[in-house]
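Participant: Handing you a structure now.
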Amino acid sequence: MPRFRVLFAGEAEGPLLRLSEPLSFWGGYDPHSGEIVDRRHPDRGARAAGAVLVMPAARGSSSSSSVLAEAARCGKAPAAILLGASDLILPVGAVVADELYGVRIPVLVGEVDGLGWENGTPVKVGRDGTVTQARP
Amino acid sequence: MVELTPDETAILQGERGPGLQFAARIVTAAAQAVGASRLVEITRAHVDGCLYHGVASLDFARRLVEGGARVAVPTTLNVGGVDLLHPELWRGEPDHARAAAELMELYVALGCTPTFTCAPYQLADRPGLGETIAWAESNAIVFANSVLGARTNRNGDFLDIACALLGKAPYYGLLTDEGRRAEVMIDLSPVGERILASDGAAAVVGHLTGLVAGDRIPLLVGLPPDVGEDYLKAVGAAAASSGSVAMFHVLGVTPEAPDVETATGGRPVERVVFDRDALIAARDDLDSRTGDRLGAVALGTPHFSLEEFRRADRIVREEGIRVPDGFPIWINTSRTVLEQAESEGVTRSLVEQGARIVVDTCTYVAPLMEPVDGVVMTNSGKWAFYAPSNLGVEVAFGSLRECLVSAGLGRVWRDPEVWGA
């Protein structure tokens, strides 16, 4: 069972959405629609609201924490974020989303390449960092 | 695991109020995410969270104010979303301006000083060598680490003010000796001193540095020993835009690079060499224009310094530059520097030639510029990097003199004495 390091703990469930490249939430994620909007990103147009979002790394701007919190306010945040490389901007955004809006977005880091599931597979994230396929 | 002191634990449990508890939650979460083993005291902070990104920005600041939090260390503020001193320049939605202004006021209510500048290093009271601080804003972070020798990590929104309220930051990375060593050497000696000494080369050097270094700490070799703070400001701002550079060394210039051995900590590093053609290619990479007709000039990203006002004033007077009526020259600066420049009389010639001086914010984040007919010329690598996508304009890049002479000519002019014919 894949187990990740917990950057911000929480339980979540949603369809897997794997991005092929790192994404900056600032300028790359529309907090009002939950869509990937970065013009240069190969997954532009993908809907990440409610998804277990998997990406190799977070990229760029330090204002991404604000965008994640704003997405949580609008009900358009990902259900969970799984990263291939550690990051502090998104966990900070997740703390604020939890404190202000009671929306818990777990942020985990680990071997994202080891997750063999297809996009859309229902996936469950546990408080301890376990990631399992959810029962349909 | 982060080891907390009894005092920090008490704060985290809410014994000093909900505002400070929230701040402690953020700082400890960040410390855990980066694997820091403890927090460390800071002497001052610079906060970027006062720039409006949506309702969550306001909800966050209100929660802190209502929770009774006040900054524990002297804290300066980065640019906000509006020019509070010149509200007539605003061209966006009035509701947006009101929200942006309210956010700026909430941060002042938390005890921050209303500096509203992305160049806090231009203020008289600034950190010195070896001081541990928590700054936000990429260009300010890189300047503090590289030029002042103060120590700060890259602190993003929410974490910046949380550190200021707590008076502490996670101890890791650029706060440690080990985390400040050069990891790649960029040798510019073959470019030649004539080009490198020109102020127009600074942003180009920075742009190239960011592309090469990514998030590594570079050591620049070959720059003239007498480059000043405005030059280093331009290098850092551009390198933090094209890459994620949070610190650079310049051999023989910046305080932690008296020699290669000291800058690298004696470890072997990759060495990359660039010549004049590579620098010209990097310059042209900042140029997104398809024509030469000029619609506006944008200066002061990061904020124009007093010395830059003096130079611009000299250029306009000595070259007898006459800018056509209605042609806009935008200059961003801080309210502090504007006051100094006005009292010295070095803004007059610029305003007479149509300069519109903006404080508290910046033309690439606030809706101030009217639609432009033609390309916008700038001496900023950062503005050139972000404006095409933020504002949808075509950009020409040039030195301060090239920008001002071009404004007089109405078309992009390149100085052959610097770059060669």
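Going through the structure tokens in order, the chains are called A, B, and so on, while each chain numbers its residues from 1 and the ligands are numbered from 1 in the order shown.
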Could you give me, as a list in words, the residues within 7 Å of stretch 84-93 of chain A, counting only C-alpha atoms and dropping anything in the same chain fewer than 4 positions from it?
Facilitator: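 Residues near the query, excluding close chain neighbours: Leu7, Phe8, Met55, Pro56, Ala57, Ala58, Ser62, Ser64, Ser65, Ser66, Leu68, Ala69, Ala97, Val107, Val109, Gly110, Glu111 and Val112 of chain A; Ile26, Ala29, Ala30, Ala33, Val34, Gly156 and Leu159 of chain B.
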Participant: Quick one: write out the picked residues with N, CA and C atoms as a short mmCIF file (atom, residue, chain, number, x, y, z; two decimals), in the first residue's frame?
Facilitator:
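Saved result, result.cif, follows:
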```cif
data_model
loop_
_atom_site.label_atom_id
_atom_site.label_comp_id
_atom_site.auth_asym_id
_atom_site.auth_seq_id
_atom_site.Cartn_x
_atom_site.Cartn_y
_atom_site.Cartn_z
N LEU A 7 2.47 16.28 4.79
CA LEU A 7 2.84 17.69 4.98
C LEU A 7 1.69 18.44 5.65
N PHE A 8 0.46 18.04 5.29
CA PHE A 8 -0.71 18.53 6.01
C PHE A 8 -1.71 17.38 6.05
N MET A 55 0.98 15.58 -8.76
CA MET A 55 1.92 16.25 -9.66
C MET A 55 3.36 16.07 -9.20
N PRO A 56 4.30 16.14 -10.14
CA PRO A 56 5.69 15.89 -9.78
C PRO A 56 6.22 16.88 -8.75
N ALA A 57 5.74 18.14 -8.80
CA ALA A 57 6.20 19.16 -7.86
C ALA A 57 5.26 20.35 -7.96
N ALA A 58 5.29 21.21 -6.93
CA ALA A 58 4.62 22.50 -7.04
C ALA A 58 5.63 23.42 -7.70
N SER A 62 5.07 32.24 -4.78
CA SER A 62 4.76 32.13 -3.36
C SER A 62 3.35 32.60 -3.08
N SER A 64 0.85 31.13 -4.37
CA SER A 64 0.01 29.95 -4.58
C SER A 64 -0.77 29.59 -3.33
N SER A 65 -0.25 29.91 -2.13
CA SER A 65 -1.00 29.63 -0.89
C SER A 65 -2.33 30.37 -0.91
N SER A 66 -2.29 31.63 -1.37
CA SER A 66 -3.52 32.43 -1.42
C SER A 66 -4.52 31.82 -2.38
N LEU A 68 -4.82 28.65 -3.28
CA LEU A 68 -5.40 27.42 -2.72
C LEU A 68 -6.48 27.75 -1.68
N ALA A 69 -6.21 28.75 -0.83
CA ALA A 69 -7.20 29.15 0.17
C ALA A 69 -8.45 29.72 -0.50
N ALA A 97 -6.81 27.29 4.67
CA ALA A 97 -8.12 26.83 4.19
C ALA A 97 -8.88 26.13 5.31
N VAL A 107 -2.09 17.38 2.17
CA VAL A 107 -0.98 17.56 1.22
C VAL A 107 0.08 16.53 1.59
N VAL A 109 3.64 14.03 0.33
CA VAL A 109 4.78 13.98 -0.59
C VAL A 109 5.32 12.55 -0.60
N GLY A 110 5.72 12.08 -1.78
CA GLY A 110 6.26 10.72 -1.88
C GLY A 110 6.45 10.30 -3.33
N GLU A 111 6.53 8.97 -3.51
CA GLU A 111 6.80 8.41 -4.84
C GLU A 111 5.53 8.43 -5.69
N VAL A 112 5.25 9.56 -6.32
CA VAL A 112 4.00 9.63 -7.08
C VAL A 112 4.03 8.75 -8.34
N ILE B 26 0.61 28.08 11.41
CA ILE B 26 1.16 28.22 10.05
C ILE B 26 2.68 28.00 10.07
N ALA B 29 3.56 24.36 10.73
CA ALA B 29 3.24 23.52 9.56
C ALA B 29 4.32 23.68 8.49
N ALA B 30 4.76 24.91 8.28
CA ALA B 30 5.81 25.16 7.29
C ALA B 30 7.12 24.50 7.73
N ALA B 33 6.92 20.89 7.05
CA ALA B 33 6.97 20.58 5.62
C ALA B 33 8.41 20.61 5.09
N VAL B 34 9.22 21.53 5.58
CA VAL B 34 10.60 21.63 5.06
C VAL B 34 11.57 20.79 5.88
N GLY B 156 6.31 32.75 1.59
CA GLY B 156 5.17 33.08 0.75
C GLY B 156 4.07 33.76 1.53
N LEU B 159 2.63 32.86 5.38
CA LEU B 159 3.79 32.51 6.21
C LEU B 159 4.57 33.77 6.60
#
```
Participant: Report as a ChimeraX atom specification all protein, DNA and RNA residues lying within 6 Å of A:Gly129, evaluated on only C-alpha atoms, omitting residues in the same chain fewer than 4 positions from it.
Facilitator: /A:3-4,6
Participant: Would you list the contacts of stretch 222-224 of chain B as a list in words, taking every protein, DNA or RNA residue within 8 Å and counting only C-alpha atoms, but skipping same-chain residues closer than 2 positions in sequence?
Facilitator: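 Residues meeting the cut-off are Asp187, Leu188, Ser189, Glu193, Leu196, Ala197, Leu220, Asp226, Val227, Val250 and Leu251 of chain B.
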Participant: Go ahead and save the residues from that selection, with C-alpha atoms, as a compact mmCIF listing (two decimals), in the first residue's frame.
Facilitator:
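See part14.txt below for the written result:
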```
# COMPACT_ATOMS: atom_id res chain seq x y z
CA ASP B 187 31.53 33.05 -15.89
CA LEU B 188 30.75 36.19 -17.90
CA SER B 189 34.35 37.34 -18.42
CA GLU B 193 33.58 45.02 -19.52
CA LEU B 196 28.79 44.35 -18.56
CA ALA B 197 29.30 47.78 -16.99
CA LEU B 220 28.75 35.26 -11.01
CA ASP B 226 32.20 48.77 -8.90
CA VAL B 227 28.66 47.70 -9.85
CA VAL B 250 29.19 38.09 -7.32
CA LEU B 251 32.88 37.36 -7.05
```
Participant: Show which residues sit within 10 Å of stretch 309-313 of chain B, as a VMD selection string. Count only C-alpha atoms, and ignore same-chain residues fewer than 2 positions away.
Facilitator: chain B and resid 300 304 to 307 315 to 318 331 333 337 to 338 340 to 342 344 to 351 400 to 401 403 to 404
Participant: May I have the selected residues written with N, CA and C atoms, as a short mmCIF file (atom, residue, chain, number, x, y, z; two decimals), in the first residue's frame?
Facilitator:
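So selection.cif came out as:
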```cif
data_model
loop_
_atom_site.label_atom_id
_atom_site.label_comp_id
_atom_site.auth_asym_id
_atom_site.auth_seq_id
_atom_site.Cartn_x
_atom_site.Cartn_y
_atom_site.Cartn_z
N GLY B 300 10.98 51.31 -13.06
CA GLY B 300 10.77 51.20 -11.62
C GLY B 300 10.18 49.88 -11.16
N PHE B 304 11.80 52.31 -8.26
CA PHE B 304 12.88 53.24 -8.61
C PHE B 304 13.55 53.75 -7.33
N SER B 305 14.87 53.79 -7.35
CA SER B 305 15.61 54.31 -6.19
C SER B 305 15.84 55.80 -6.38
N LEU B 306 16.29 56.47 -5.32
CA LEU B 306 16.63 57.89 -5.41
C LEU B 306 17.71 58.10 -6.46
N GLU B 307 18.71 57.21 -6.46
CA GLU B 307 19.81 57.33 -7.42
C GLU B 307 19.29 57.18 -8.86
N ILE B 315 19.77 62.38 -17.47
CA ILE B 315 19.67 61.97 -18.87
C ILE B 315 18.69 62.87 -19.62
N VAL B 316 17.53 63.12 -19.02
CA VAL B 316 16.51 63.94 -19.70
C VAL B 316 17.04 65.35 -19.95
N ARG B 317 17.73 65.93 -18.97
CA ARG B 317 18.23 67.30 -19.14
C ARG B 317 19.43 67.37 -20.08
N GLU B 318 20.40 66.47 -19.87
CA GLU B 318 21.62 66.54 -20.67
C GLU B 318 21.39 66.18 -22.13
N ILE B 331 6.54 55.45 -13.92
CA ILE B 331 7.64 55.17 -13.00
C ILE B 331 7.04 54.70 -11.67
N THR B 333 7.59 53.74 -7.76
CA THR B 333 8.55 53.94 -6.68
C THR B 333 7.81 53.84 -5.35
N VAL B 337 10.80 57.12 -1.18
CA VAL B 337 11.76 57.61 -2.17
C VAL B 337 11.18 58.79 -2.94
N LEU B 338 9.87 58.75 -3.24
CA LEU B 338 9.27 59.87 -3.98
C LEU B 338 9.44 61.18 -3.21
N GLN B 340 11.77 61.93 -1.04
CA GLN B 340 13.17 62.36 -1.11
C GLN B 340 13.47 62.96 -2.48
N ALA B 341 13.00 62.30 -3.54
CA ALA B 341 13.30 62.74 -4.90
C ALA B 341 12.65 64.10 -5.18
N GLU B 342 11.43 64.28 -4.69
CA GLU B 342 10.75 65.57 -4.89
C GLU B 342 11.47 66.69 -4.16
N GLU B 344 14.56 66.85 -3.52
CA GLU B 344 15.82 67.14 -4.23
C GLU B 344 15.57 67.82 -5.57
N GLY B 345 14.33 67.81 -6.01
CA GLY B 345 13.99 68.44 -7.29
C GLY B 345 14.32 67.59 -8.51
N VAL B 346 14.53 66.27 -8.31
CA VAL B 346 14.94 65.43 -9.45
C VAL B 346 13.75 64.74 -10.14
N THR B 347 12.52 65.08 -9.73
CA THR B 347 11.37 64.52 -10.46
C THR B 347 10.82 65.53 -11.47
N ARG B 348 11.19 66.81 -11.29
CA ARG B 348 10.54 67.88 -12.07
C ARG B 348 10.71 67.68 -13.57
N SER B 349 11.96 67.46 -14.00
CA SER B 349 12.21 67.32 -15.44
C SER B 349 11.44 66.14 -16.01
N LEU B 350 11.29 65.09 -15.21
CA LEU B 350 10.59 63.89 -15.68
C LEU B 350 9.09 64.15 -15.80
N VAL B 351 8.52 64.80 -14.78
CA VAL B 351 7.09 65.10 -14.81
C VAL B 351 6.77 66.05 -15.96
N LEU B 400 18.15 52.28 -19.01
CA LEU B 400 17.41 53.48 -18.62
C LEU B 400 17.55 54.56 -19.70
N ARG B 401 18.79 54.76 -20.18
CA ARG B 401 19.02 55.78 -21.22
C ARG B 401 18.30 55.43 -22.51
N CYS B 403 15.61 53.68 -22.83
CA CYS B 403 14.16 53.88 -22.62
C CYS B 403 13.79 55.35 -22.77
N LEU B 404 14.58 56.23 -22.14
CA LEU B 404 14.24 57.65 -22.15
C LEU B 404 14.46 58.28 -23.52
#
```
Participant: Do a neighbour search on A:Glu21 at 12 Å with only C-alpha atoms, toss out local chain neighbours closer than 5 positions, and write the hits as an MDAnalysis selection string.
Facilitator: chainID A and resid 28 36 38 40:44 53:59 83:84
Participant: Can you write out the residues you just picked, keeping C-alpha atoms, as an mmCIF file, in the first residue's frame?
Facilitator:
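The resulting file, again_21.cif, is shown below:
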```
data_model
loop_
_atom_site.group_PDB
_atom_site.id
_atom_site.type_symbol
_atom_site.label_atom_id
_atom_site.label_comp_id
_atom_site.auth_asym_id
_atom_site.auth_seq_id
_atom_site.Cartn_x
_atom_site.Cartn_y
_atom_site.Cartn_z
ATOM 1 C CA GLY A 28 -2.228 28.254 -13.227
ATOM 2 C CA ILE A 36 -6.103 24.260 -14.761
ATOM 3 C CA ASP A 38 -1.914 27.858 -17.244
ATOM 4 C CA ARG A 40 1.738 26.604 -21.171
ATOM 5 C CA HIS A 41 0.621 23.596 -19.120
ATOM 6 C CA PRO A 42 -0.066 20.346 -21.040
ATOM 7 C CA ASP A 43 -3.098 19.591 -18.800
ATOM 8 C CA ARG A 44 -4.726 22.978 -19.353
ATOM 9 C CA LEU A 53 -4.400 15.948 -7.618
ATOM 10 C CA VAL A 54 -1.041 14.281 -8.295
ATOM 11 C CA MET A 55 1.924 16.254 -9.663
ATOM 12 C CA PRO A 56 5.690 15.892 -9.779
ATOM 13 C CA ALA A 57 6.196 19.164 -7.858
ATOM 14 C CA ALA A 58 4.623 22.503 -7.039
ATOM 15 C CA ARG A 59 6.088 25.262 -9.124
ATOM 16 C CA LEU A 83 3.488 15.819 -4.647
ATOM 17 C CA GLY A 84 6.646 14.152 -5.904
#
```
Participant: Using only C-alpha atoms, determine which residues lie at most 7 Å from A:His32, disregarding the query and same-chain residues fewer than 2 positions distant; provide the list as a short mmCIF file (atom, residue, chain, number, x, y, z; two decimals) with C-alpha atoms, in the first residue's frame.
Facilitator:
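Final file, part.cif:
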```cif
data_model
loop_
_atom_site.label_atom_id
_atom_site.label_comp_id
_atom_site.auth_asym_id
_atom_site.auth_seq_id
_atom_site.Cartn_x
_atom_site.Cartn_y
_atom_site.Cartn_z
CA ASP A 30 -8.62 29.18 -11.43
CA GLY A 34 -11.18 24.65 -10.14
CA ALA A 71 -10.25 27.86 -4.11
CA CYS A 74 -15.18 28.83 -3.45
CA LYS A 76 -13.33 24.42 -5.92
#
```
